[in-house]
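K.L.:
I'd like to ask you about the structure that follows.
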Amino acid sequence: MNIEISDSYADLSLMAKNRVVQEIEKNRRLLLCTATGGSPAGMYQLLSSTYQENPGLFARLRIIKLDEWGGVPMDQPGTCEQYLQQNLLQPLRIPESRYTGFHSNPENPGLECARIQAKLTTEGPIDLCILGIGMNGHLAFNEPADFLQPFSHVAELSAMTLQHAMTSEMRVKPGFGLTLGMADILHAKMILILIAGKDKRAIVHQFLSKKVSSSVPASFLWLHPNAHCLITKDALETTA
Ligand code: PGA
């Protein structure tokens, strides 16, 4: 994994935006898998500005949502859907035909995962996967466990995950997660993981130890041949 340290969150977001733009320039039909949460928010904002200057760049871009809170209405604040609609899909004018995403409140969550998996089989593999790391080392909703799951699945959410800032906005709290699996992520041609802030120091320490373990699902990124980690200085441990 290639690791690049940035001085600030603004720098990290700019570096990430430049990478994404570079990849779209190489492949206008890029399939971009998008995480939500605080880590990629700055980058998405910069991509919206890029759209204002050059809308044509995004005319064929395809997007797939990485994961979703389950059992909550799709239009409720705090869902990954609302986040992506506001931060990316509307600013970049991505129509439904170029977007794939889990419904947050499907009648049959297992069938919903199968629907997304089938779509990924047709549209995939993912060209570029944007990720963040959970406070507990999760990757999407692949939570620390004795074993990990390769494909889209319904996930049991850990207590720590349920405390994520996104859930604080929700009236109905999530009962489960819907997520792409580890193989879906690791089959991406390129991975960009964004890590910012001193709150992540403890998990970053484990992640950077290069011990690949299902207790830190993000550690599996060390097995990927084209994974890039952009990290702010303050997320790294200081020796002082
Ligand atoms: P964050 O979330 O980007 O808001 O820190 C990452 C995650 O929990 O997966």
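If you're wondering about the labels, chains in the structure tokens are A, B, ... by order shown, residues count from 1 in each chain, ligands from 1 in order shown.
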At a cut-off of 7 Å, using only C-alpha atoms, what residues contact range 168-184 of chain A? Leave out same-chain residues fewer than 2 positions from it and give the result as a PyMOL selection string.

P.N.:
chain A and resi 66-72+76-78+102+113+140-142+149-157+165-166+186-188

K.L.:
Can you check which residues of range 11-175 of chain A DSSP gives as alpha helix (DSSP H) on the backbone and send them as a VMD selection string?

P.N.:
chain A and resid 11 to 26 41 to 53 80 to 84 109 to 123 165 to 168

K.L.:
Any chance you could tabulate, as CSV, the residues of chain A at most 10 Å from ligand 1 with each one's nearest atom pair and distance in Å to one decimal, using only C-alpha atoms and all ligand atoms, in chain and rising number order?

P.N.:
```
residue,atom,partner,partner_atom_place_in_ligand_line,distance
A:Ala35,CA,ligand 1,9 (O),7.6
A:Thr36,CA,ligand 1,3 (O),6.5
A:Gly37,CA,ligand 1,4 (O),3.6
A:Gly38,CA,ligand 1,4 (O),3.7
A:Ser39,CA,ligand 1,3 (O),3.6
A:Pro40,CA,ligand 1,3 (O),6.4
A:Ala41,CA,ligand 1,3 (O),8.0
A:Asp67,CA,ligand 1,9 (O),9.6
A:Leu131,CA,ligand 1,9 (O),7.4
A:Gly132,CA,ligand 1,6 (C),4.6
A:Ile133,CA,ligand 1,9 (O),4.6
A:Gly134,CA,ligand 1,8 (O),3.5
A:Met135,CA,ligand 1,8 (O),6.1
A:Asn136,CA,ligand 1,8 (O),8.0
A:Gly137,CA,ligand 1,9 (O),7.9
A:His138,CA,ligand 1,9 (O),6.2
A:Leu139,CA,ligand 1,9 (O),5.9
A:Ala140,CA,ligand 1,9 (O),5.5
A:Phe141,CA,ligand 1,9 (O),7.4
A:Asn142,CA,ligand 1,9 (O),9.3
A:Glu143,CA,ligand 1,9 (O),9.7
A:Met160,CA,ligand 1,8 (O),9.0
A:Thr161,CA,ligand 1,8 (O),6.5
A:Leu162,CA,ligand 1,8 (O),9.4
A:Gln163,CA,ligand 1,8 (O),9.3
A:His164,CA,ligand 1,8 (O),6.4
A:Ala165,CA,ligand 1,4 (O),6.9
A:Met166,CA,ligand 1,4 (O),7.6
A:Ile193,CA,ligand 1,3 (O),9.7
A:Leu194,CA,ligand 1,3 (O),7.7
A:Ile195,CA,ligand 1,3 (O),7.3
A:Ala196,CA,ligand 1,5 (O),7.5
A:Gly197,CA,ligand 1,5 (O),8.4
A:Asp199,CA,ligand 1,5 (O),8.7
A:Lys200,CA,ligand 1,5 (O),7.8
A:Ala218,CA,ligand 1,9 (O),9.7
```

K.L.:
List as a PyMOL selection string the protein and nucleic acid residues near range 120-122 of chain A, meaning an atom at most 9 Å away when only C-alpha atoms are counted, but skip any in the same chain fewer than 5 places from it.

P.N.:
chain A and resi 64+100+115+184

K.L.:
Using only C-alpha atoms, which residue out of A:Arg98, A:Lys17, A:His224, A:Lys189 lies closest to Ile126 in chain A?

P.N.:
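Residue with the minimum atom-to-atom distance to Ile126 in chain A: A:Lys189.
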
K.L.:
Could you tell me which of A:Phe58, A:Tyr99, A:Phe220, A:Phe147 comes closest to Val20 in chain A if we count only C-alpha atoms?

P.N.:
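Closest residue, counting only C-alpha atoms: A:Phe58.
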
K.L.:
Can you work out which one of A:Cys80, A:Leu47, A:Met1, A:Ala114 has the shortest atom-to-atom distance to Asn226 in chain A, counting only C-alpha atoms?

P.N.:
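So, comparing all the options, the nearest one is A:Met1.
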
K.L.:
With distances taken over only C-alpha atoms, which residue among A:Gln206, A:Gln22, A:Ser6, A:Thr50 lies nearest Leu92 in chain A?

P.N.:
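For Leu92 in chain A, the nearest of the given residues is A:Thr50.
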